[in-house]
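> First the structure, then my questions, so here it is.
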Amino acid sequence: MSFSASFPVAAQPQLQQLWFFLVEHMESHTYSQAHCTSAELGCMHLTLQTMLDRTQGFGFAREYSFWIYSQSMQSAVEMLHDDAIYGTYKMYCARDPVVHVIMRRATEPCPNSSQAPSHGASLGDRQSIAASRGLRAPDLPTSRAQPQCIRQNESPEVEMLDYRGGDCRL
């Protein structure tokens, strides 16, 4: 499905979702954040670029990674292109009252494994805005585990980072 029209509102018409759009950087205590309701979202042409623009973010969507998260999820899921927005939302977030879209530079780590220096402040703002509407803005359960580096004997240039069963070959 392509987004040539407006974004469909929540699967449950009586559910008024609150959406947060957050740009954060790993080297800074500052962040940029915007929010809207599902009714407002239903009138938008939602793309990765429009989400970035809502936060007054600088640059182009291709320079960022986009992660979506809501309370029924165990971790944030990356949206790689515009067509993934609706599918990811429908699969994971359609029934949750608060949806977070976290944007970071493409070169920065994902929000599932690290917190930006601005995390506490932005979370406090999101929780305050949600509470004023009778909602709760859950925090993303970030893994604080430090990866263990395992050198492979066959080559000194290859290392494995072990993240609790999942690994990444460098």
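Residues are referred to by chain and number: the chain letter is A, B, ... according to the order shown in the structure tokens, the number counts from 1 in that chain, and ligands are numbered separately from 1 in the order shown.
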Just the residues within 8 Å of Gln127 (chain A), please, counting only C-alpha atoms, with nothing from its chain fewer than 4 positions along; format it as a ChimeraX atom specification.
/A:123,131,136-138
> Any chance you could export the current selection's N, CA, C and O atoms as a PDB file, in the first residue's frame?

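Written output follows (part23.pdb):
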ATOM      1  N   LEU A 123      11.300  11.879  27.511  1.00  0.00           N
ATOM      2  CA  LEU A 123      10.314  10.966  28.091  1.00  0.00           C
ATOM      3  C   LEU A 123       9.420  11.717  29.072  1.00  0.00           C
ATOM      4  O   LEU A 123       8.198  11.544  29.075  1.00  0.00           O
ATOM      5  N   ALA A 131      -0.325  12.315  30.031  1.00  0.00           N
ATOM      6  CA  ALA A 131      -1.098  12.376  31.275  1.00  0.00           C
ATOM      7  C   ALA A 131      -2.177  13.450  31.215  1.00  0.00           C
ATOM      8  O   ALA A 131      -3.277  13.267  31.756  1.00  0.00           O
ATOM      9  N   ARG A 136      -1.068   7.102  29.231  1.00  0.00           N
ATOM     10  CA  ARG A 136       0.258   6.798  29.766  1.00  0.00           C
ATOM     11  C   ARG A 136       1.209   6.595  28.586  1.00  0.00           C
ATOM     12  O   ARG A 136       0.903   5.835  27.675  1.00  0.00           O
ATOM     13  N   ALA A 137       2.341   7.268  28.609  1.00  0.00           N
ATOM     14  CA  ALA A 137       3.352   7.124  27.557  1.00  0.00           C
ATOM     15  C   ALA A 137       4.444   6.199  28.070  1.00  0.00           C
ATOM     16  O   ALA A 137       5.297   6.611  28.847  1.00  0.00           O
ATOM     17  N   PRO A 138       4.434   4.934  27.666  1.00  0.00           N
ATOM     18  CA  PRO A 138       5.412   3.986  28.190  1.00  0.00           C
ATOM     19  C   PRO A 138       6.817   4.248  27.659  1.00  0.00           C
ATOM     20  O   PRO A 138       6.991   4.785  26.572  1.00  0.00           O
TER      21      PRO A 138
END
> List every residue of region 17-119 of chain A that DSSP, applied to the backbone, labels as helix (DSSP H, G or I), and write the result as a PyMOL selection string.
chain A and resi 38-41+48-54+61-63+83-92+119
> If we count only C-alpha atoms and set the cut-off at 7 Å, which residues sit around Asp82 (chain A), ignoring sequence neighbours fewer than 3 positions away in its own chain? Please answer as a list in words.
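Using only C-alpha atoms, the neighbours found are Thr47, Leu48 and Ile85 of chain A.
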> Within 12 Å of Arg62 (chain A), counting only C-alpha atoms, which residues show up once you throw out same-chain ones fewer than 2 positions away? Write them as a ChimeraX atom specification, please.
/A:47-49,52,58-60,64-66,79-82,103-107
> Can you pull out every residue within 12 Å of Cys36 (chain A), counting only C-alpha atoms, but drop anything in the same chain fewer than 4 positions away, and send it as JSON, numbers by chain?
{"A": [9, 16, 17, 18, 19, 20, 21, 22, 40, 41, 42, 43, 44, 51, 54, 55, 98, 99, 100, 101, 126, 129, 130, 133]}
> Between A:Val77, A:His29, A:Ser72, A:Ser113, which one has atoms that come closest to Arg95 (chain A), using only C-alpha atoms?
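Of the candidates, the smallest distance to Arg95 (chain A) is held by A:Ser72.
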> Could you work out how far CA of Ala116 (chain A) lies from CA of Met26 (chain A), giving the answer in Å with one decimal?
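So the two atoms, CA of Met26 (chain A) and CA of Ala116 (chain A), lie 4.7 Å apart.
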> So, with only C-alpha atoms as the atoms that count, which of A:Asp139, A:Glu108, A:Asp96, A:Asp83 lies closest to His45 (chain A)?
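Distance minimum relative to His45 (chain A) lands on A:Asp83.
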> Report as number ranges by chain all protein, DNA and RNA residues lying within 8 Å of Ser28 (chain A), evaluated on only C-alpha atoms, omitting residues in the same chain fewer than 3 positions from it.
A: 24-25, 31, 116-118
> Restricting the output to C-alpha atoms, write the selected residues as a compact mmCIF listing (two decimals), in the first residue's frame.

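Saved result, part.txt, follows:
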# COMPACT_ATOMS: atom_id res chain seq x y z
CA GLU A 24 17.20 12.65 19.15
CA HIS A 25 20.95 12.47 18.70
CA TYR A 31 15.85 16.88 21.13
CA ALA A 116 20.30 9.30 23.90
CA PRO A 117 21.46 11.85 26.51
CA SER A 118 18.11 13.63 26.04
> Between A:Ala39, A:Ser114, A:His119, A:Leu46, which one has atoms that come closest to Tyr86 (chain A), using only C-alpha atoms?
A:Leu46
> Work out how far CA of Leu135 (chain A) is from CA of Cys110 (chain A), in Å to one decimal.
25.6 Å
